[in-house]
Every structure is written in C-alpha cells, then in structure tokens.
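**Q** First the structure, which I've put down as structure tokens, then a few questions once you've had a look.
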Amino acid sequence: MSAWSARFLLTGALIFSAAQQFAPPSFGAELPDGEGRDLVDAICTGCHNTNQILRSSGYSADEWKELAGTMIDLSGGPEEQQQIVAYLAEHFPPNDRRAPTLVPGGIEIEFTEWVVPTLGQRSRDPVEAADGSIWWVGQWGNVLGRIDPKTSEMTEYPLPPEAKPHSVTLDRDGNPWYTGNGNGTIGKLDVATGEIAVFPMPDPAARDPHTAEFDDDGILWFTLQQSNMVGRLDPATGDVKLVTMKTPGARPYGIKIDADGVPWVACNGSNCLVRVDPATMELTEVELPLPGTTVRRLDIADDGMIWYVNSGEGRLGRFDPKTGDIKEWPSPSGPDSHPYALAVVDGIVWYNESGKRPDPLVRFDPRTETFQSWPIPSGNVYAGIVRHMRPTADGDLLIHQSSTNRIIRVTLPEVMN
C-alpha cells in the first residue's frame with residue numbers, strides 16, 4: 001500500500017468515526033469482487049455505506065471520476081484513483097432501475113450551481129439573506145458557509161466540535177442560526193464579530209435539533225426528529241422549552257410558521273401534521289387519510305393552504321386548516337418516488353422525488369392540477385438528493401445536492417428575463 005493510500009484510509013476512518021451516527025457502516029460484503037473493491041470499500045465507506053453505490057443510477061468512468069471528485073480528493077494517488085474509477089465503471093455502469101417518470105411541458109427553468117469548498121461536507125439547506133447572499137450548512141464537514149452570488153466567493157466558518165449542523169435559518173438581523181444535530185445544541189453566528197453563541201438543550205433526551213424557523217416575534221421554533229420533540233428558543237433570554245409529540249415515533253421533521261404565527265410540523269414517522277399553540281406549546285394532531293403516510297416537509301401558501309409531501313405513499317398533499325379538507329395527488333414517478341423537500345412559490349408547488357435517480361425537480365400547478373419535471377444536475381452528472389428547498393426574495397428557488405457538495409439556484413419562469 002502506498003503512503004497516499006494509507007493517508008486516505010486513515011482520513012476515511014476519521015471521517016467515518018465522526019459521521020457514523022448519520023450513515024450505518026458497511027464492510028463491503030455487498031460489493032462485487034474485482035480489482036479496486038478493497039479501495040472502494042475502505043475509502044468510499046468512510047463517509048457513506050455501499051448502499052449509496054448499489055442504488056445509484058450508475059455512471060461512465062469519466063462520470064464516476066467527476067462524482068468522486070466532489071466527495072474526496074483522489075488526485076494524490078493517480079493509480080489508486082484509476083483503480084477506484086475503473087472498478088465503479090465496470091460494476092456500476094449507467095442503469096435505469098430507478099428512473100423517474102419525467103413529465104414534459106412548456107415551462108423552462110435554469111440551474112446555477114456552486115460547488116462548496118470543503119469536500120465531503122454534505123452541503124444542504126441553503127437560505128437567502130436580505131443582502132442576496134446565500135447561507136448553507138455542511139453537516140458532515142461541521143461548517144457554516146456563505147456564498148456571494150455576484151462574485152461566487154465562498155466563506156466557511158468552522159463550528160464547535162460535533163455540532164454536525166442539519167439546517168440553517170436567519171434572524172431579523174441577518175445572523176445565521178444552525179441546528180446542532182450531532183451535539184444537541186442550537187448555535188448562532190454573529191456576522192459582525194464572527195463569534196458563535198451556543199444554546200444547549202435543557203433535556204439530555206433532546207439530542208438532535210433538526211429544522212428551525214423564526215416567527216415574526218423573533219422566537220425560534222425547531223424540531224428534534226429522533227428525540228420526538230418540538231422546541232422553542234427565545235434568543236433574548238436563551239430560554240429553551242421542549243414538548244414531546246403525542247404520537248410515539250412521530251419523528252417531527254419539517255416546520256413552518258403560518259401568517260398567524262402558528263408553527264406547523266410534519267411527521268416523518270406517522271400520518272400526521274401537527275399544529276403547535278405558540279403560547280402554550282400544546283400540540284394538535286391532524287390525521288392524514290392514508291395510514292402509510294409519512295411527511296418529510298411542508299410549506300404554507302399565501303392563501304393559508306398547507307402543502308405537504310406524502311413521502312411514504314409517493315403523493316403530494318394539501319390541507320385546508322380552515323375547513324379540514326385534505327386532498328392528495330399521486331406524484332408522477334409513483335408510490336416509491338418518496339417526495340422530500342417542498343416549497344410554494346407564487347402559488348406554484350415545487351418538490352423533488354428523492355426515491356428516483358436522477359432526483360427530479362417537480363412543478364405542480366394547483367390551478368390546472370398538472371405536473372412538469374426536470375432531472376436535477378450535479379455538474380455533468382446527476383447525483384444527489386434535495387432535502388430542503390426555499391424561495392428567494394425575487395421568486396427563484398434554492399436547492400442543493402448534498403452528495404456532490406452543490407448549492408443550486410433554480411431560476412423560475414415567472415422571473416426569467
């Protein structure tokens with residue numbers, strides 16, 4: 001083994017140690033025999049299990065080389081790099097086993113991509129600031145990042161050890177707040193001083209802050225998926241209050257605040273949406289019709305309608321909180337499409353089908369009840385899953401491809417020149 005191989009095997013082991021709570025280990029038993037298998041097993045599974053390779057849509061040698069280059073720098077060992085790429089191209093060529101059903105249409109969109117600096121960080125959850133800059137978090141890289149879209153200049157801020165940020169949101173002063181999914185904290189970066197303030201959870205059972213949103217009063221509301229809790233943090237006092245979901249294993253995931261200041265939560269482990277009383281934190285469950293429903297994310301339209309992805313059943317749903325009416329539509333790629341992220345922009349619903357390869361971006365027009373979809377690029381390949389999406393001030397859409405370290409702006413037709 002070369003010195004380069006030994007160095008990268010050690011690096012992979014260290015990355016895996018830090019990331020093992022997010023990706024279960026694999027020792028290569030599922031990989032087919034062949035030259036390069038041991039290298040793939042040792043280096044690639046430093047950050048993710050072999051299932052990510054086995055379930056991919058497959059790539060050519062050039063595409064595997066490009067894809068791997070977004071995750072880890074293999075240039076220091078050209079022989080090992082060639083073995084890895086050759087093995088992957090031979091055993092995992094392009095396939096259509098999980099191909100989406102792409103719906104054609106007359107709408108045109110554009111994708112603008114930024115590759116963030118730290119490789120293998122799993123960049124995610126971009127959000128736009130008032131000055132037009134874009135903030136993101138790199139969960140496995142333990143960083144908070146900022147992009148200047150005008151210059152493409154990027155800055156990364158290291159976070160406290162083991163924070164493993166899951167999401168980021170901005171307060172009224174433009175300061176980014178992150179959810180410390182790995183160490184049970186909420187953190188704030190002061191953009192003026194560069195200092196980070198950390199707010200630990202008051203209950204040791206509250207281990208994994210997940211997604212957070214500010215209400216108009218400046219209170220931060222957040223979910224804790226595996227801990228099965230919803231939390232509230234007052235930045236003025238640092239006080240944190242937590243409540244446990246009524247349904248065991250409900251796994252609160254996405255959260256949004258409606259026009260009346262009421263938080264709504266998506267249940268990723270049960271067929272429910274949850275209303276949180278902003279004063280008492282009392283939880284009211286809304287049971288969704290299909291028992292197999294799980295909901296990753298939701299968004300609230302200007303008319304008050306709550307749109308959600310029925311991830312478990314491969315459907316798009318709408319809940320009217322005034323009447324209680326619920327309606328769902330099958331997603332174009334079917335029951336195993338696993339819709340994930342979702343945003344409503346100018347009355348149009350956008351979401352992705354994460355169970356398919358490539359991961360498609362889907363547009364749904366509620367007025368005509370029609371769909372259109374596009375494969376989401378990652379450079380010259382299509383790889384990754386969108387886990388969160390949010391609108392920009394001028395009506396575009398911010399998404400990401402975490403497995404290829406990309407933050408992406410989608411220029412939507414309503415604002416294209």
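Each chain in the structure tokens gets a letter, A, B, ..., in the order shown, and its residues are numbered from 1; ligands are numbered from 1 in order too.
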At a cut-off of 12 Å, using only C-alpha atoms, what residues contact Met281 of chain A? Leave out same-chain residues fewer than 6 positions from it and give the result as a PyMOL selection string.
**A** chain A and resi 221-222+229-233+240-245+262-264+274-275
**Q** Which residues come within 6 Å of segment 300-316 of chain A, counting only C-alpha atoms, excluding same-chain residues fewer than 3 positions away, as a PDB file with N, CA and C atoms, in the first residue's frame?
**A**
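Output (result21.pdb):
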ATOM      1  N   GLY A 292     -50.208   4.705   5.570  1.00  0.00           N
ATOM      2  CA  GLY A 292     -48.795   4.600   5.220  1.00  0.00           C
ATOM      3  C   GLY A 292     -48.107   5.928   5.000  1.00  0.00           C
ATOM      4  N   THR A 293     -48.814   7.004   5.261  1.00  0.00           N
ATOM      5  CA  THR A 293     -48.271   8.343   5.036  1.00  0.00           C
ATOM      6  C   THR A 293     -47.146   8.662   6.016  1.00  0.00           C
ATOM      7  N   THR A 294     -46.065   9.225   5.512  1.00  0.00           N
ATOM      8  CA  THR A 294     -45.065   9.925   6.315  1.00  0.00           C
ATOM      9  C   THR A 294     -44.765  11.229   5.594  1.00  0.00           C
ATOM     10  N   VAL A 295     -44.483  12.271   6.363  1.00  0.00           N
ATOM     11  CA  VAL A 295     -44.331  13.606   5.772  1.00  0.00           C
ATOM     12  C   VAL A 295     -42.952  14.166   6.124  1.00  0.00           C
ATOM     13  N   ARG A 297     -41.580  17.169   4.613  1.00  0.00           N
ATOM     14  CA  ARG A 297     -41.630  18.627   4.715  1.00  0.00           C
ATOM     15  C   ARG A 297     -42.986  19.173   4.272  1.00  0.00           C
ATOM     16  N   PHE A 319     -53.679  20.515   2.735  1.00  0.00           N
ATOM     17  CA  PHE A 319     -54.582  20.563   3.879  1.00  0.00           C
ATOM     18  C   PHE A 319     -55.074  21.986   4.076  1.00  0.00           C
ATOM     19  N   ASP A 320     -56.401  22.137   4.181  1.00  0.00           N
ATOM     20  CA  ASP A 320     -57.008  23.437   4.431  1.00  0.00           C
ATOM     21  C   ASP A 320     -57.280  23.551   5.929  1.00  0.00           C
ATOM     22  N   GLU A 328     -55.096  14.870  -2.048  1.00  0.00           N
ATOM     23  CA  GLU A 328     -53.768  14.410  -2.454  1.00  0.00           C
ATOM     24  C   GLU A 328     -53.759  14.040  -3.930  1.00  0.00           C
ATOM     25  N   TRP A 329     -52.565  14.159  -4.526  1.00  0.00           N
ATOM     26  CA  TRP A 329     -52.343  13.801  -5.922  1.00  0.00           C
ATOM     27  C   TRP A 329     -51.163  12.836  -6.015  1.00  0.00           C
ATOM     28  N   PRO A 330     -51.282  11.758  -6.804  1.00  0.00           N
ATOM     29  CA  PRO A 330     -50.130  10.861  -6.987  1.00  0.00           C
ATOM     30  C   PRO A 330     -48.984  11.592  -7.681  1.00  0.00           C
ATOM     31  N   SER A 331     -47.769  11.435  -7.175  1.00  0.00           N
ATOM     32  CA  SER A 331     -46.613  12.033  -7.814  1.00  0.00           C
ATOM     33  C   SER A 331     -46.307  11.291  -9.112  1.00  0.00           C
ATOM     34  N   GLY A 334     -44.693   7.750  -9.132  1.00  0.00           N
ATOM     35  CA  GLY A 334     -45.357   6.647  -8.465  1.00  0.00           C
ATOM     36  C   GLY A 334     -45.148   6.543  -6.966  1.00  0.00           C
ATOM     37  N   PRO A 335     -45.668   5.466  -6.363  1.00  0.00           N
ATOM     38  CA  PRO A 335     -45.689   5.332  -4.900  1.00  0.00           C
ATOM     39  C   PRO A 335     -44.325   5.212  -4.245  1.00  0.00           C
ATOM     40  N   ASP A 336     -43.285   4.828  -5.017  1.00  0.00           N
ATOM     41  CA  ASP A 336     -41.947   4.721  -4.434  1.00  0.00           C
ATOM     42  C   ASP A 336     -41.074   5.928  -4.785  1.00  0.00           C
ATOM     43  N   SER A 337     -41.683   7.027  -5.200  1.00  0.00           N
ATOM     44  CA  SER A 337     -40.919   8.212  -5.610  1.00  0.00           C
ATOM     45  C   SER A 337     -40.379   8.996  -4.418  1.00  0.00           C
ATOM     46  N   HIS A 338     -40.938   8.826  -3.249  1.00  0.00           N
ATOM     47  CA  HIS A 338     -40.508   9.455  -1.999  1.00  0.00           C
ATOM     48  C   HIS A 338     -40.294  10.960  -2.151  1.00  0.00           C
ATOM     49  N   PRO A 339     -41.350  11.720  -2.361  1.00  0.00           N
ATOM     50  CA  PRO A 339     -41.216  13.182  -2.351  1.00  0.00           C
ATOM     51  C   PRO A 339     -40.593  13.652  -1.032  1.00  0.00           C
ATOM     52  N   VAL A 344     -43.532  26.461  -1.870  1.00  0.00           N
ATOM     53  CA  VAL A 344     -44.563  27.095  -2.687  1.00  0.00           C
ATOM     54  C   VAL A 344     -44.052  28.473  -3.092  1.00  0.00           C
TER      55      VAL A 344
END
**Q** Env of segment 85-99 of chain A: 7 Å cut, atoms = only C-alpha atoms, seq-sep filter 5 positions within chain, self excluded. Answer as a list of chain:residue names.
**A**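 Those residues are A:Gly34, A:Glu35, A:Gly36, A:Arg37, A:Ser57, A:Gly58, A:Tyr59, A:Ser60, A:Ala61, A:Trp64, A:Lys65, A:Lys356, A:Arg357, A:Pro358.
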**Q** Keeping only N, CA and C atoms, write the selected residues as a CSV table (one decimal), in the first residue's frame.
**A**
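Listed below is the output, again14.csv:
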chain,number,residue,atom,x,y,z
A,34,GLY,N,-13.6,-7.9,-7.4
A,34,GLY,CA,-12.9,-7.2,-8.6
A,34,GLY,C,-11.8,-6.3,-8.1
A,35,GLU,N,-10.8,-6.1,-8.9
A,35,GLU,CA,-9.7,-5.2,-8.6
A,35,GLU,C,-10.2,-3.8,-8.3
A,36,GLY,N,-9.9,-3.3,-7.1
A,36,GLY,CA,-10.3,-2.0,-6.7
A,36,GLY,C,-11.4,-2.0,-5.7
A,37,ARG,N,-12.0,-3.2,-5.4
A,37,ARG,CA,-13.1,-3.3,-4.5
A,37,ARG,C,-12.6,-2.9,-3.1
A,57,SER,N,-27.7,5.4,-10.0
A,57,SER,CA,-28.1,5.2,-11.4
A,57,SER,C,-26.9,4.8,-12.3
A,58,GLY,N,-25.8,4.7,-11.7
A,58,GLY,CA,-24.6,4.2,-12.4
A,58,GLY,C,-24.0,5.3,-13.3
A,59,TYR,N,-22.7,5.2,-13.6
A,59,TYR,CA,-22.0,6.2,-14.4
A,59,TYR,C,-20.9,5.6,-15.2
A,60,SER,N,-20.5,6.4,-16.2
A,60,SER,CA,-19.3,6.0,-17.0
A,60,SER,C,-18.1,6.3,-16.2
A,61,ALA,N,-16.9,5.9,-16.7
A,61,ALA,CA,-15.7,6.1,-16.0
A,61,ALA,C,-15.4,7.6,-15.7
A,64,TRP,N,-17.9,8.8,-13.1
A,64,TRP,CA,-17.5,8.4,-11.7
A,64,TRP,C,-16.4,9.2,-11.2
A,65,LYS,N,-15.4,9.5,-12.1
A,65,LYS,CA,-14.3,10.3,-11.7
A,65,LYS,C,-14.7,11.7,-11.2
A,356,LYS,N,-35.9,8.5,-6.7
A,356,LYS,CA,-35.6,8.2,-8.1
A,356,LYS,C,-34.2,8.7,-8.4
A,357,ARG,N,-33.6,8.1,-9.4
A,357,ARG,CA,-32.3,8.5,-9.9
A,357,ARG,C,-32.4,8.7,-11.4
A,358,PRO,N,-32.1,9.9,-11.9
A,358,PRO,CA,-31.8,11.1,-11.1
A,358,PRO,C,-32.9,11.7,-10.3
**Q** So the first atom is atom CA of Pro278 of chain A and the second is atom CA of Thr179 of chain A; what is the distance between them in Å, to one decimal place?
**A** 20.0 Å
**Q** Considering only C-alpha atoms, return as an MDAnalysis selection string whatever protein or nucleic-acid residues lie within 6 Å of Arg124 of chain A, sequence-local ones (same chain, fewer than 4 positions apart) excluded.
**A** chainID A and resid 136:137 400 402
**Q** Apply DSSP to the structure's backbone, then extract all residues of segment 39-255 of chain A labelled alpha helix (DSSP H) and return them as a PyMOL selection string.
**A** chain A and resi 39+51-54+61-69+78-91
**Q** Would you mind telling me which residue in A:Lys322, A:Lys188, A:His210, A:Arg390 lies nearest to Ile407 of chain A when using only C-alpha atoms?
**A** A:Arg390
**Q** Can you pull out every residue within 12 Å of segment 30-33 of chain A, counting only C-alpha atoms, but drop anything in the same chain fewer than 5 positions away, and send it as a list in words?
**A**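 These residues fall inside the cut-off: Pro25, Asp38, Leu39, Val40, Asp41, Ala42, Cys44, Thr45, Asn49, Thr50, Asn51, Gln52, Ile53, Leu54, Arg55, Tyr87, Leu88, Glu90, His91 and Phe92 of chain A.
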**Q** Given only C-alpha atoms as the basis, pick out the residue of A:Pro235, A:Gly145, A:Gly132, A:Pro202 nearest to Val116 of chain A.
**A**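 Under the stated criterion, the closest residue is A:Gly145.
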**Q** What gap, in Å, lies between atom CA of Gly174 of chain A and atom CA of Met389 of chain A?
**A** 18.7 Å
**Q** Segment 191-306 of chain A: which residues are strand (DSSP E or B) by DSSP, as JSON, numbers by chain?
**A** {"A": [196, 197, 198, 199, 200, 209, 210, 211, 212, 213, 214, 220, 221, 222, 223, 224, 229, 230, 231, 232, 233, 234, 239, 240, 241, 242, 243, 244, 252, 253, 254, 255, 256, 257, 263, 264, 265, 266, 267, 272, 273, 274, 275, 276, 283, 284, 285, 286, 287, 295, 296, 297, 298, 299, 300, 306]}
**Q** Any idea what's packed within 10 Å of Thr370 of chain A, counting only C-alpha atoms, ignoring anything in its chain fewer than 3 positions away? Could you give it as a list of chain:residue names?
**A**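 Residues near the query, excluding close chain neighbours: A:Val103, A:Gly105, A:Trp329, A:Pro332, A:Arg363, A:Phe364, A:Asp365, A:Pro366, A:Arg367.
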**Q** What does the file look like for those residues with C-alpha atoms, as a PDB file, in the first residue's frame?
**A**
ATOM      1  CA  VAL A 103     -43.211  14.904 -17.291  1.00  0.00           C
ATOM      2  CA  GLY A 105     -44.138  20.645 -20.570  1.00  0.00           C
ATOM      3  CA  TRP A 329     -52.343  13.801  -5.922  1.00  0.00           C
ATOM      4  CA  PRO A 332     -45.594  11.350 -11.437  1.00  0.00           C
ATOM      5  CA  ARG A 363     -43.573  21.535 -10.580  1.00  0.00           C
ATOM      6  CA  PHE A 364     -47.289  21.307  -9.733  1.00  0.00           C
ATOM      7  CA  ASP A 365     -49.792  23.955 -10.782  1.00  0.00           C
ATOM      8  CA  PRO A 366     -52.811  23.792  -8.433  1.00  0.00           C
ATOM      9  CA  ARG A 367     -54.947  25.781 -10.865  1.00  0.00           C
TER      10      ARG A 367
END
**Q** Counting only C-alpha atoms, figure out which residue out of A:Leu119, A:Leu144, A:Leu290, A:Val265 gets nearest to Arg406 of chain A.
**A**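 Closest candidate: A:Leu119.
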**Q** Write out as a PyMOL selection string the residues lying within 12 Å of Thr404 of chain A, counting only C-alpha atoms and excluding same-chain residues fewer than 6 positions away.
**A** chain A and resi 64+66-72+113-124+138+376-386
